[in-house]
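*Asks:* Below is final-v3.tsv; it holds TSV, C-alpha atoms.
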```
chain	number	residue	atom	x	y	z
M	1	MET	CA	0.00	0.00	0.00
M	2	SER	CA	1.38	3.43	-0.96
M	3	ALA	CA	1.46	6.40	1.39
M	4	ARG	CA	-1.08	8.14	-0.82
M	5	THR	CA	-3.52	5.24	-0.54
M	6	ALA	CA	-3.08	4.98	3.22
M	7	ILE	CA	-4.25	8.53	3.89
M	8	GLN	CA	-7.59	8.32	2.12
M	9	PRO	CA	-10.50	9.14	4.48
M	10	ALA	CA	-12.71	6.23	5.42
M	11	ALA	CA	-15.99	5.71	7.26
M	12	GLN	CA	-15.79	4.31	10.75
M	13	GLU	CA	-18.10	3.30	13.58
M	14	THR	CA	-20.55	5.77	15.07
M	15	VAL	CA	-19.59	8.31	17.72
M	16	ALA	CA	-20.90	11.72	18.69
M	17	VAL	CA	-19.26	14.65	16.93
M	18	PRO	CA	-18.01	17.33	19.34
M	19	ARG	CA	-19.33	20.79	18.52
M	20	SER	CA	-18.46	24.28	19.56
M	21	GLY	CA	-21.69	25.50	21.02
M	22	GLY	CA	-23.28	28.30	19.04
M	23	LEU	CA	-20.60	28.35	16.34
M	24	GLY	CA	-21.77	24.97	15.05
M	25	LEU	CA	-18.33	23.81	13.88
M	26	PRO	CA	-16.84	20.57	15.21
M	27	PHE	CA	-13.43	20.75	16.85
M	28	ASP	CA	-10.92	18.25	18.17
M	29	PRO	CA	-11.19	18.48	21.99
M	30	VAL	CA	-8.11	16.33	22.66
M	31	LEU	CA	-5.94	18.56	20.47
M	32	LEU	CA	-7.36	21.65	22.16
M	33	LEU	CA	-6.72	20.31	25.67
M	34	ALA	CA	-3.17	19.27	24.79
M	35	VAL	CA	-2.41	22.74	23.41
M	36	LEU	CA	-3.93	24.41	26.48
M	37	GLY	CA	-1.87	22.09	28.69
M	38	LEU	CA	1.37	23.04	26.95
M	39	ALA	CA	0.44	26.72	27.10
M	40	ALA	CA	-0.04	26.41	30.86
M	41	CYS	CA	3.27	24.56	31.22
M	42	SER	CA	5.00	27.24	29.16
M	43	LEU	CA	3.64	30.13	31.24
M	44	ILE	CA	4.50	28.42	34.53
M	45	THR	CA	8.02	27.53	33.36
M	46	VAL	CA	8.75	30.95	31.82
M	47	ALA	CA	7.57	32.64	35.02
M	48	ALA	CA	9.81	30.42	37.16
M	49	ALA	CA	12.84	30.70	34.88
M	50	THR	CA	12.79	34.49	34.38
M	51	SER	CA	11.61	35.89	37.72
M	52	ASP	CA	15.11	37.28	38.40
M	53	ASP	CA	16.07	38.22	34.83
M	54	ILE	CA	14.61	41.76	34.70
M	55	ALA	CA	15.25	43.90	37.76
M	56	GLY	CA	12.04	45.44	39.07
M	57	ASP	CA	9.77	43.45	36.74
M	58	PRO	CA	9.76	39.74	37.63
M	59	HIS	CA	6.80	39.10	35.28
M	60	TYR	CA	8.28	40.81	32.21
M	61	PHE	CA	8.59	37.65	30.11
M	62	LEU	CA	5.47	36.04	31.55
M	63	LYS	CA	3.23	38.93	30.52
M	64	ARG	CA	4.55	38.95	26.98
M	65	GLN	CA	4.32	35.20	26.62
M	66	ALA	CA	0.68	35.35	27.75
M	67	ILE	CA	-0.06	38.03	25.16
M	68	TYR	CA	1.59	35.93	22.44
M	69	PHE	CA	-0.68	33.02	23.35
M	70	VAL	CA	-3.79	35.24	23.29
M	71	VAL	CA	-2.89	36.66	19.86
M	72	GLY	CA	-2.04	33.17	18.60
M	73	ALA	CA	-5.32	31.77	19.92
M	74	ALA	CA	-7.30	34.50	18.14
M	75	ALA	CA	-5.47	33.78	14.87
M	76	ALA	CA	-6.04	30.02	15.32
M	77	ALA	CA	-9.76	30.60	15.88
M	78	LEU	CA	-9.99	32.57	12.63
M	79	LEU	CA	-8.28	29.78	10.69
M	80	TRP	CA	-10.53	27.18	12.31
M	81	ARG	CA	-13.57	29.07	11.00
M	82	LEU	CA	-12.03	29.24	7.52
M	83	ASP	CA	-12.29	26.46	4.94
M	84	TYR	CA	-8.59	25.66	4.60
M	85	SER	CA	-9.13	24.53	0.98
M	86	ARG	CA	-9.40	28.19	-0.03
M	87	LEU	CA	-5.72	28.59	0.79
M	88	ARG	CA	-4.89	26.23	-2.05
M	89	GLU	CA	-6.02	28.90	-4.54
M	90	LEU	CA	-3.61	31.39	-2.92
M	91	ARG	CA	-0.54	29.16	-3.21
M	92	HIS	CA	1.46	31.58	-5.36
M	93	ALA	CA	0.70	34.52	-3.07
M	94	VAL	CA	1.52	32.50	0.06
M	95	TYR	CA	4.80	31.26	-1.38
M	96	GLY	CA	5.65	34.77	-2.52
M	97	LEU	CA	4.97	36.05	1.01
M	98	LEU	CA	7.29	33.36	2.37
M	99	ILE	CA	10.18	34.42	0.13
M	100	ALA	CA	9.51	38.14	0.58
M	101	SER	CA	9.46	37.87	4.38
M	102	ILE	CA	12.82	36.09	4.41
M	103	PHE	CA	14.34	38.77	2.14
M	104	ALA	CA	12.84	41.47	4.38
M	105	VAL	CA	14.64	40.02	7.39
M	106	MET	CA	17.89	39.76	5.44
M	107	ALA	CA	17.57	43.43	4.44
M	108	LEU	CA	16.05	45.00	7.55
M	109	GLY	CA	16.78	42.55	10.36
M	110	SER	CA	19.06	43.30	13.26
M	111	VAL	CA	22.26	41.36	13.80
M	112	ALA	CA	22.47	39.30	16.98
M	113	ARG	CA	25.37	36.95	17.72
M	114	GLY	CA	26.50	37.00	14.11
M	115	SER	CA	23.08	36.14	12.65
M	116	ARG	CA	20.42	38.30	11.01
M	117	ARG	CA	17.25	36.34	11.80
M	118	ALA	CA	14.61	38.84	12.95
M	119	ILE	CA	13.20	42.34	12.53
M	120	ASP	CA	12.88	44.23	15.80
M	121	LEU	CA	9.33	45.52	16.23
M	122	PRO	CA	7.98	47.59	19.17
M	123	PHE	CA	6.59	44.59	21.02
M	124	PHE	CA	8.53	41.60	19.72
M	125	SER	CA	11.08	40.46	17.17
M	126	PHE	CA	9.52	39.14	13.98
M	127	GLN	CA	11.35	36.00	12.87
M	128	ALA	CA	10.30	35.25	9.31
M	129	SER	CA	11.59	31.68	9.43
M	130	GLU	CA	9.02	30.79	12.13
M	131	LEU	CA	6.04	32.06	10.14
M	132	GLY	CA	7.72	30.66	7.05
M	133	LYS	CA	7.33	27.12	8.35
M	134	VAL	CA	3.54	27.44	8.22
M	135	LEU	CA	3.58	29.34	4.91
M	136	LEU	CA	5.74	26.60	3.38
M	137	VAL	CA	3.33	23.88	4.54
M	138	VAL	CA	0.31	25.71	3.06
M	139	SER	CA	1.92	26.58	-0.28
M	140	LEU	CA	3.99	23.45	-0.86
M	141	ALA	CA	1.01	21.19	-0.12
M	142	ALA	CA	-0.98	23.10	-2.76
M	143	PHE	CA	1.77	22.85	-5.38
M	144	THR	CA	2.06	19.12	-4.67
M	145	VAL	CA	-1.67	18.58	-5.11
M	146	GLU	CA	-1.52	20.32	-8.48
M	147	ALA	CA	1.20	17.89	-9.56
M	148	SER	CA	-0.26	14.82	-7.82
M	149	ARG	CA	-1.05	13.03	-11.08
M	150	LYS	CA	2.60	13.21	-12.13
M	151	LEU	CA	4.31	12.20	-8.88
M	152	ALA	CA	5.88	9.19	-10.53
M	153	ASP	CA	7.85	11.58	-12.74
M	154	ARG	CA	11.24	12.47	-11.30
M	155	ARG	CA	10.92	16.01	-12.65
M	156	THR	CA	7.82	16.55	-10.50
M	157	THR	CA	9.68	15.44	-7.38
M	158	ALA	CA	12.58	17.70	-8.32
M	159	ARG	CA	10.28	20.73	-8.76
M	160	VAL	CA	8.54	20.22	-5.42
M	161	LEU	CA	11.90	19.64	-3.72
M	162	LEU	CA	13.28	22.81	-5.29
M	163	LEU	CA	10.33	24.84	-3.99
M	164	GLY	CA	11.20	23.64	-0.50
M	165	LEU	CA	14.95	24.05	-0.82
M	166	VAL	CA	14.87	27.66	-2.04
M	167	PRO	CA	13.52	29.12	1.25
M	168	ALA	CA	15.68	26.66	3.20
M	169	ALA	CA	18.79	27.96	1.42
M	170	LEU	CA	17.77	31.59	2.01
M	171	VAL	CA	17.25	30.93	5.72
M	172	MET	CA	20.59	29.14	5.82
M	173	LEU	CA	22.25	32.35	4.63
M	174	GLN	CA	21.05	34.29	7.72
M	175	PRO	CA	22.48	31.87	9.02
M	176	ASP	CA	19.76	29.72	10.64
M	177	LEU	CA	20.64	26.06	10.23
M	178	GLY	CA	17.85	24.83	12.53
M	179	SER	CA	14.99	26.44	10.60
M	180	ALA	CA	16.52	25.32	7.30
M	181	LEU	CA	16.44	21.73	8.53
M	182	VAL	CA	12.77	22.13	9.54
M	183	PHE	CA	11.97	23.36	6.01
M	184	ILE	CA	13.66	20.30	4.54
M	185	ALA	CA	11.79	17.96	6.92
M	186	ILE	CA	8.47	19.56	5.91
M	187	THR	CA	9.26	19.19	2.20
M	188	LEU	CA	10.24	15.52	2.44
M	189	THR	CA	7.19	14.66	4.57
M	190	ILE	CA	4.77	16.30	2.13
M	191	LEU	CA	6.34	14.33	-0.72
M	192	PHE	CA	5.99	11.12	1.32
M	193	VAL	CA	2.36	11.68	2.27
M	194	ALA	CA	1.52	12.55	-1.34
M	195	GLY	CA	2.78	9.13	-2.43
M	196	THR	CA	6.14	9.85	-4.04
M	197	PRO	CA	7.79	6.56	-5.14
M	198	TRP	CA	10.39	5.17	-2.74
M	199	GLN	CA	12.99	5.11	-5.51
M	200	HIS	CA	12.93	8.91	-5.51
M	201	PHE	CA	13.64	8.99	-1.78
M	202	ALA	CA	16.48	6.52	-2.23
M	203	ALA	CA	18.01	8.80	-4.86
M	204	LEU	CA	17.54	11.83	-2.59
M	205	GLY	CA	19.21	9.96	0.25
M	206	ALA	CA	22.21	9.18	-1.91
M	207	LEU	CA	22.47	12.82	-3.02
M	208	ALA	CA	22.21	13.99	0.61
M	209	LEU	CA	25.01	11.63	1.64
M	210	ILE	CA	27.23	12.98	-1.14
M	211	ALA	CA	26.41	16.58	-0.15
M	212	VAL	CA	27.23	15.96	3.53
M	213	THR	CA	30.50	14.24	2.58
M	214	LEU	CA	31.48	17.20	0.41
M	215	ALA	CA	30.49	19.79	3.02
M	216	LEU	CA	32.09	18.13	6.05
M	217	ILE	CA	35.06	16.26	4.62
M	218	VAL	CA	36.10	17.01	1.02
M	219	LEU	CA	35.68	20.80	0.84
M	220	PRO	CA	37.21	21.52	4.30
M	221	ALA	CA	40.19	19.36	3.33
M	222	ALA	CA	40.57	21.53	0.23
M	223	GLY	CA	40.51	24.69	2.31
M	224	VAL	CA	36.90	25.66	1.49
M	225	SER	CA	34.80	26.37	4.57
M	226	VAL	CA	31.08	25.52	4.27
M	227	LEU	CA	30.01	25.81	7.91
M	228	HIS	CA	30.44	28.89	10.07
M	229	GLY	CA	32.91	28.73	12.92
M	230	TYR	CA	30.28	28.52	15.64
M	231	GLN	CA	28.48	25.74	13.72
M	232	LYS	CA	31.71	23.73	13.61
M	233	ASP	CA	32.22	24.33	17.33
M	234	ARG	CA	28.71	23.10	18.13
M	235	LEU	CA	29.19	19.96	16.05
M	236	THR	CA	32.53	19.30	17.71
M	237	ALA	CA	31.00	19.89	21.13
M	238	PHE	CA	28.23	17.41	20.36
M	239	LEU	CA	30.67	14.73	19.22
M	240	HIS	CA	33.19	15.34	22.03
M	241	PRO	CA	31.25	16.90	24.94
M	242	SER	CA	33.85	16.15	27.63
M	243	GLN	CA	36.60	17.94	25.68
M	244	THR	CA	34.60	21.16	25.19
M	245	ALA	CA	32.72	21.41	28.49
M	246	ASN	CA	34.09	24.90	29.17
M	247	ARG	CA	33.82	26.24	25.60
M	248	ALA	CA	31.37	25.33	22.83
M	249	GLY	CA	29.94	22.49	24.91
M	250	TYR	CA	29.16	24.70	27.90
M	251	GLN	CA	25.43	25.11	27.17
M	252	GLN	CA	24.81	21.45	26.56
M	253	ASN	CA	26.85	20.43	29.58
M	254	GLN	CA	24.92	22.80	31.88
M	255	SER	CA	21.63	21.56	30.39
M	256	ARG	CA	22.49	17.94	31.18
M	257	ILE	CA	23.48	18.91	34.72
M	258	ALA	CA	20.15	20.71	35.18
M	259	ILE	CA	18.06	17.81	33.90
M	260	GLY	CA	20.05	15.23	35.88
M	261	SER	CA	19.77	17.18	39.11
M	262	GLY	CA	15.97	17.24	38.82
M	263	GLU	CA	15.76	13.47	39.39
M	264	LYS	CA	12.19	12.19	39.90
M	265	THR	CA	10.19	15.19	41.06
M	266	GLY	CA	12.56	18.13	40.57
M	267	ARG	CA	14.28	20.66	42.81
M	268	GLY	CA	11.56	23.33	42.75
M	269	ASN	CA	12.83	26.68	44.01
M	270	ARG	CA	16.24	25.09	44.66
M	271	ALA	CA	16.88	24.91	40.89
M	272	THR	CA	20.27	26.63	40.99
M	273	GLN	CA	21.23	26.09	37.34
M	274	THR	CA	18.40	28.39	36.30
M	275	LYS	CA	18.32	30.73	39.29
M	276	TYR	CA	22.00	31.64	39.11
M	277	ASN	CA	22.11	31.72	35.28
M	278	PHE	CA	24.45	28.78	34.85
M	279	LEU	CA	22.08	27.64	32.08
M	280	PRO	CA	22.09	30.10	29.14
M	281	GLU	CA	18.94	30.71	27.09
M	282	HIS	CA	16.91	29.06	29.84
M	283	HIS	CA	13.60	30.55	28.69
M	284	THR	CA	14.07	29.91	24.96
M	285	ASP	CA	16.19	27.11	23.46
M	286	PHE	CA	16.82	25.30	26.77
M	287	ILE	CA	13.42	25.63	28.42
M	288	PHE	CA	13.05	21.82	28.56
M	289	ALA	CA	16.12	21.73	30.82
M	290	VAL	CA	14.30	24.13	33.16
M	291	VAL	CA	11.34	21.74	33.25
M	292	GLY	CA	13.66	18.84	34.04
M	293	GLU	CA	15.45	20.69	36.84
M	294	ARG	CA	12.42	22.23	38.54
M	295	TRP	CA	9.91	19.39	38.13
M	296	GLY	CA	12.14	16.40	37.37
M	297	PHE	CA	11.11	13.31	35.45
M	298	ALA	CA	7.45	13.88	36.33
M	299	GLY	CA	7.39	17.33	34.73
M	300	ALA	CA	9.36	16.25	31.67
M	301	ALA	CA	7.09	13.22	31.18
M	302	LEU	CA	4.01	15.44	31.37
M	303	VAL	CA	5.33	17.81	28.71
M	304	LEU	CA	6.37	14.97	26.40
M	305	SER	CA	3.00	13.26	26.91
M	306	LEU	CA	1.21	16.42	25.79
M	307	TYR	CA	3.37	16.50	22.66
M	308	ALA	CA	2.54	12.86	22.03
M	309	LEU	CA	-1.17	13.70	22.23
M	310	ILE	CA	-0.74	16.50	19.70
M	311	ILE	CA	1.17	14.29	17.26
M	312	TRP	CA	-1.43	11.54	17.62
M	313	ARG	CA	-4.25	13.97	16.87
M	314	CYS	CA	-2.30	15.41	13.91
M	315	LEU	CA	-2.02	11.93	12.42
M	316	ARG	CA	-5.70	11.25	13.12
M	317	ILE	CA	-6.71	14.52	11.44
M	318	LEU	CA	-4.55	13.58	8.46
M	319	THR	CA	-6.57	10.39	7.95
M	320	ILE	CA	-10.01	12.07	8.15
M	321	SER	CA	-9.21	14.98	5.87
M	322	LYS	CA	-11.82	15.57	3.18
M	323	ASN	CA	-9.19	15.85	0.45
M	324	LEU	CA	-5.54	15.31	-0.36
M	325	TYR	CA	-4.67	18.95	0.27
M	326	GLY	CA	-5.82	18.72	3.88
M	327	ALA	CA	-3.86	15.50	4.37
M	328	LEU	CA	-0.70	17.11	3.02
M	329	VAL	CA	-1.12	20.20	5.21
M	330	ALA	CA	-1.63	17.98	8.28
M	331	GLY	CA	1.41	15.91	7.30
M	332	GLY	CA	3.54	19.02	6.92
M	333	ILE	CA	2.46	20.26	10.35
M	334	VAL	CA	3.30	16.86	11.87
M	335	ALA	CA	6.80	17.13	10.41
M	336	MET	CA	7.18	20.72	11.61
M	337	LEU	CA	6.19	19.92	15.19
M	338	LEU	CA	7.76	16.47	15.57
M	339	PHE	CA	11.12	17.50	14.10
M	340	GLN	CA	11.37	20.55	16.35
M	341	VAL	CA	10.42	18.62	19.49
M	342	PHE	CA	12.87	15.81	18.73
M	343	VAL	CA	15.79	18.13	17.96
M	344	ASN	CA	15.15	20.56	20.82
M	345	VAL	CA	14.70	17.90	23.49
M	346	GLY	CA	17.57	15.93	21.97
M	347	MET	CA	19.99	18.84	22.24
M	348	THR	CA	19.07	19.49	25.88
M	349	VAL	CA	19.85	15.89	26.84
M	350	GLY	CA	22.98	15.69	24.66
M	351	ILE	CA	21.90	13.38	21.83
M	352	MET	CA	21.59	16.12	19.20
M	353	PRO	CA	23.82	19.11	18.33
M	354	ILE	CA	22.68	22.62	19.29
M	355	THR	CA	20.82	24.18	16.36
M	356	GLY	CA	18.75	26.94	17.96
M	357	ILE	CA	15.39	25.29	17.25
M	358	PRO	CA	12.71	26.38	19.78
M	359	LEU	CA	10.44	23.95	21.60
M	360	PRO	CA	6.96	24.55	20.10
M	361	LEU	CA	4.42	26.09	22.49
M	362	MET	CA	6.99	26.04	25.30
M	363	SER	CA	9.91	28.29	24.36
M	364	TYR	CA	9.52	32.02	24.90
M	365	GLY	CA	9.01	33.98	21.70
M	366	GLY	CA	6.19	35.66	19.82
M	367	SER	CA	7.05	34.43	16.33
M	368	SER	CA	7.27	30.79	17.39
M	369	ILE	CA	4.12	30.84	19.54
M	370	ILE	CA	1.94	32.62	16.97
M	371	ALA	CA	3.19	30.48	14.07
M	372	THR	CA	2.54	27.26	15.99
M	373	MET	CA	-0.94	28.44	16.99
M	374	LEU	CA	-1.66	29.18	13.32
M	375	ALA	CA	-0.72	25.57	12.56
M	376	ILE	CA	-3.11	24.38	15.28
M	377	GLY	CA	-5.87	26.51	13.74
M	378	LEU	CA	-5.25	24.84	10.37
M	379	LEU	CA	-5.49	21.41	12.00
M	380	GLN	CA	-8.82	22.30	13.60
M	381	SER	CA	-10.09	23.55	10.23
M	382	ILE	CA	-9.10	20.27	8.56
M	383	TYR	CA	-10.82	18.38	11.37
M	384	ALA	CA	-14.01	20.45	11.11
M	385	GLN	CA	-14.19	20.18	7.32
M	386	GLY	CA	-13.47	16.45	7.42
M	387	ARG	CA	-16.27	15.88	9.92
M	388	ALA	CA	-18.68	18.02	7.91
M	389	ALA	CA	-17.84	16.23	4.65
M	390	ALA	CA	-18.35	12.81	6.28
M	391	ALA	CA	-21.68	13.90	7.81
M	392	SER	CA	-22.96	15.16	4.45
M	393	LYS	CA	-22.35	11.68	3.03
M	394	GLY	CA	-24.12	9.96	5.92
M	395	ARG	CA	-20.93	8.75	7.54
M	396	VAL	CA	-19.78	9.30	11.11
M	397	LEU	CA	-16.09	9.01	11.89
M	398	THR	CA	-14.40	7.66	14.97
M	399	PHE	CA	-13.21	10.02	17.66
```
Take the structure in the file and write it out as structure tokens.

*Replies:*
Amino acid sequence: MSARTAIQPAAQETVAVPRSGGLGLPFDPVLLLAVLGLAACSLITVAAATSDDIAGDPHYFLKRQAIYFVVGAAAAALLWRLDYSRLRELRHAVYGLLIASIFAVMALGSVARGSRRAIDLPFFSFQASELGKVLLVVSLAAFTVEASRKLADRRTTARVLLLGLVPAALVMLQPDLGSALVFIAITLTILFVAGTPWQHFAALGALALIAVTLALIVLPAAGVSVLHGYQKDRLTAFLHPSQTANRAGYQQNQSRIAIGSGEKTGRGNRATQTKYNFLPEHHTDFIFAVVGERWGFAGAALVLSLYALIIWRCLRILTISKNLYGALVAGGIVAMLLFQVFVNVGMTVGIMPITGIPLPLMSYGGSSIIATMLAIGLLQSIYAQGRAAAASKGRVLTF
């Protein structure tokens, strides 16, 4: 059975369809509760981690994070009310917005730590690569649907792949390796869900292996540097953590200490790694380490369980979509969320290199929170439209 065949919606046994009161649209309650749970965990963790960061305003980051969630929730509600299929007609405009926003950051963005990744606005820093993840899912899924009858053609796979690699390459120039990898994961997942032949993936894998060999071995040996200095340091620190504990490996080493010291139930207010700023970026990239130190295994397990619920519901929504476009959008969102969770948590525990990828719905940051909430709104729209389409045909789907 091909991936494309496996995603086709099917009728199932009877169950009541959850509705949203007066609005009359069904919604996925499990997905909603999981998102609300992560939002609560984020606010509690950000408040605990940053209470001493801004003198005279212990709730500085908490207040802004709460506002980001409110704005994101409003945007998600609007998307839920919208028939997501209309976005397919706007694919060229959406893709153009994606490219234009990245160029805008490259031209107008402020430089921080050697990277130009965001435009400083009065209330928050707009990071185009975060919004770009959702824009890429929406536009690339539409382009793939248009070419779905020719997926067996290698040229079709190459065109779709190129559409995904162009923004990834532009983001890489900022440089933002983490977001570029997310773009690539989204592109490959959409191709897989659409039903691209496995031979194409085998060829792509071989090309990727050649590219990595050239970038990491052949070109450096010839005196051509592909990676930036800090990227090399992070890779070296990941491969040899004990040799770089006081240099490039400092962040990852402190993160592992924080998580290990949390043990079963955490250290609570005795979480010294966070309180005394031994752990850098404790409210953004390394917020999972804060969870591990303050609330231990119990807190970390709760957060990961909520992510598992979201991924499960994403996959369920993929299968009940009323059309291929909805399935591809849901698949792209699964890739976006799952890849970021795996890499972020992996780098905090030392099994992945540091790439600067935020933890969705947990890390502090307006661009990341709002973009992820937009993705949740799209998922709820796909769910609602799938339920409505099944009901119009006299079918009722499983919960």

*Asks:* Please provide as a list in words all residues within 9 Å of Ala388 of chain M, with the sequence filter that same-chain residues fewer than 5 positions apart are discarded (counting all atoms listed in the file).

*Replies:*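 Contacts, in chain order: Leu25, Pro26, Lys322, Tyr383 and Lys393 of chain M.
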
*Asks:* How about saving the chosen residues, C-alpha atoms kept, as a PDB file, keeping the file's coordinate frame?

*Replies:*
```
ATOM      1  CA  LEU M  25     -18.330  23.810  13.880  1.00  0.00           C
ATOM      2  CA  PRO M  26     -16.840  20.570  15.210  1.00  0.00           C
ATOM      3  CA  LYS M 322     -11.820  15.570   3.180  1.00  0.00           C
ATOM      4  CA  TYR M 383     -10.820  18.380  11.370  1.00  0.00           C
ATOM      5  CA  LYS M 393     -22.350  11.680   3.030  1.00  0.00           C
TER       6      LYS M 393
END
```

*Asks:* Work out how far apart atom CA of Val71 of chain M and atom CA of Ala185 of chain M are and give it in Å to one decimal.

*Replies:*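 Between atom CA of Val71 of chain M and atom CA of Ala185 of chain M the gap is 27.1 Å.
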
*Asks:* Write out as CSV a residue-level contact list of segment 329-399 of chain M versus segment 73-95 of chain M with cut-off 10 Å: for each qualifying residue the closest pair of atoms and the distance in Å to one decimal, counting only C-alpha atoms, rows sorted by chain and residue number upward.

*Replies:*
```
residue,atom,partner,partner_atom,distance
M:Val329,CA,M:Tyr84,CA,9.3
M:Ile369,CA,M:Ala73,CA,9.5
M:Ile370,CA,M:Ala75,CA,7.8
M:Ala371,CA,M:Ala75,CA,9.3
M:Thr372,CA,M:Ala76,CA,9.0
M:Met373,CA,M:Ala76,CA,5.6
M:Leu374,CA,M:Ala76,CA,4.9
M:Ala375,CA,M:Ala76,CA,7.5
M:Ile376,CA,M:Ala76,CA,6.4
M:Gly377,CA,M:Ala76,CA,3.9
M:Leu378,CA,M:Leu79,CA,5.8
M:Leu379,CA,M:Trp80,CA,7.7
M:Gln380,CA,M:Trp80,CA,5.3
M:Ser381,CA,M:Trp80,CA,4.2
M:Ile382,CA,M:Tyr84,CA,6.7
M:Tyr383,CA,M:Trp80,CA,8.9
M:Ala384,CA,M:Trp80,CA,7.7
M:Gln385,CA,M:Asp83,CA,7.0
```

*Asks:* Pick out the residues sitting within 8 Å of segment 265-276 of chain M, and hand them over as a list in words; count all atoms listed in the file, and ignore anything fewer than 5 positions along from it in its own chain.

*Replies:* Ala49, Asp52, Gln254, Ile257, Ala258, His282, Val290, Gly292, Glu293, Arg294, Trp295, Gly296, Phe297, Ala298 and Gly299 of chain M

*Asks:* For atom CA of Ala48 of chain M and atom CA of Ile287 of chain M, determine how far apart the two atoms are, in Å to one decimal place.

*Replies:* 10.6 Å

*Asks:* Quick one: of M:Thr355, M:Gly366, M:Gly326, M:Ala335, who's nearest to Phe126 of chain M, counting only C-alpha atoms?

*Replies:* M:Gly366

*Asks:* Given the point (17.3, 19.8, 9.6) in the coordinates of this file, which residues lie within 10 Å, counting only C-alpha atoms, and how would they look as a list in words?

*Replies:*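 Returned residue set, sorted by chain then number, is Ala168, Leu177, Gly178, Ser179, Ala180, Leu181, Val182, Phe183, Ile184, Ala185, Ile186, Phe339, Gln340, Val343, Thr355 and Ile357 of chain M.
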
*Asks:* Selection from above, C-alpha atoms, as an mmCIF file, in the coordinates of the input, can you write it?

*Replies:*
```cif
data_model
loop_
_atom_site.group_PDB
_atom_site.id
_atom_site.type_symbol
_atom_site.label_atom_id
_atom_site.label_comp_id
_atom_site.auth_asym_id
_atom_site.auth_seq_id
_atom_site.Cartn_x
_atom_site.Cartn_y
_atom_site.Cartn_z
ATOM 1 C CA ALA M 168 15.680 26.660 3.200
ATOM 2 C CA LEU M 177 20.640 26.060 10.230
ATOM 3 C CA GLY M 178 17.850 24.830 12.530
ATOM 4 C CA SER M 179 14.990 26.440 10.600
ATOM 5 C CA ALA M 180 16.520 25.320 7.300
ATOM 6 C CA LEU M 181 16.440 21.730 8.530
ATOM 7 C CA VAL M 182 12.770 22.130 9.540
ATOM 8 C CA PHE M 183 11.970 23.360 6.010
ATOM 9 C CA ILE M 184 13.660 20.300 4.540
ATOM 10 C CA ALA M 185 11.790 17.960 6.920
ATOM 11 C CA ILE M 186 8.470 19.560 5.910
ATOM 12 C CA PHE M 339 11.120 17.500 14.100
ATOM 13 C CA GLN M 340 11.370 20.550 16.350
ATOM 14 C CA VAL M 343 15.790 18.130 17.960
ATOM 15 C CA THR M 355 20.820 24.180 16.360
ATOM 16 C CA ILE M 357 15.390 25.290 17.250
#
```

*Asks:* So that all listed atoms of segment 261-271 of chain M fit with 8 Å spare on each side, what axis-aligned box centre and edge lengths in Å, to one decimal, would you give as AutoDock Vina command-line options?

*Replies:*
```
--center_x 15.0 --center_y 19.4 --center_z 41.7 --size_x 25.6 --size_y 30.5 --size_z 21.8
```

*Asks:* Could you tell me how far atom CA of Leu207 of chain M sits from atom CA of Val166 of chain M, in Å to one decimal place?

*Replies:*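 It comes out at 16.7 Å.
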
*Asks:* I'd like to know which of M:Ala389, M:Val137, M:Ala289, M:Met347 is closest to Ser321 of chain M, using only C-alpha atoms.

*Replies:*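 Checking each of M:Ala389, M:Val137, M:Ala289, M:Met347 against Ser321 of chain M, counting only C-alpha atoms, the winner is M:Ala389.
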
*Asks:* Neighbours of Thr157 of chain M within 9 Å (all atoms listed in the file; same-chain residues fewer than 6 positions away dropped), as a PyMOL selection string?

*Replies:* chain M and resi 144+150-151+191+196+200

*Asks:* Please produce a file of the residues just selected, as a PDB file, keeping the file's coordinate frame, where the atoms kept are C-alpha atoms.

*Replies:*
```pdb
ATOM      1  CA  THR M 144       2.060  19.120  -4.670  1.00  0.00           C
ATOM      2  CA  LYS M 150       2.600  13.210 -12.130  1.00  0.00           C
ATOM      3  CA  LEU M 151       4.310  12.200  -8.880  1.00  0.00           C
ATOM      4  CA  LEU M 191       6.340  14.330  -0.720  1.00  0.00           C
ATOM      5  CA  THR M 196       6.140   9.850  -4.040  1.00  0.00           C
ATOM      6  CA  HIS M 200      12.930   8.910  -5.510  1.00  0.00           C
TER       7      HIS M 200
END
```

*Asks:* Tell me which protein, DNA and RNA residues are within 12 Å of His59 of chain M, counting all atoms listed in the file, leaving out same-chain ones fewer than 2 positions away, and put them as a VMD selection string.

*Replies:* chain M and resid 43 to 57 61 to 66

*Asks:* Of the candidates M:Phe143, M:Leu36, M:Leu302, M:Val160, which shows the shortest atom-to-atom distance to Gly72 of chain M, using only C-alpha atoms?

*Replies:*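 Looking only at the distances to Gly72 of chain M, the closest residue turns out to be M:Leu36.
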
*Asks:* Write out as a list in words each polymer residue whose atoms come within 10 Å of Phe124 of chain M, counting only C-alpha atoms; drop sequence neighbours fewer than 2 positions from it.

*Replies:*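 These residues fall inside the cut-off: Arg64, Tyr68, Ala118, Ile119, Asp120, Leu121, Pro122, Phe126, Gln127, Gly365, Gly366 and Ser367 of chain M.
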
*Asks:* Find, counting all atoms listed in the file, the residue in M:Leu309, M:Leu209, M:Glu130, M:Gly331 that gets nearest to Leu33 of chain M.

*Replies:*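 Between M:Leu309, M:Leu209, M:Glu130, M:Gly331, the residue approaching Leu33 of chain M most closely is M:Leu309.
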
*Asks:* Find the residues with any atom within 12 Å of (-2.3, 18.1, 23.3); use only C-alpha atoms and the coordinates as given in the file, and write the answer as a ChimeraX atom specification.

*Replies:* /M:28-41,302-314,337,360-361,376
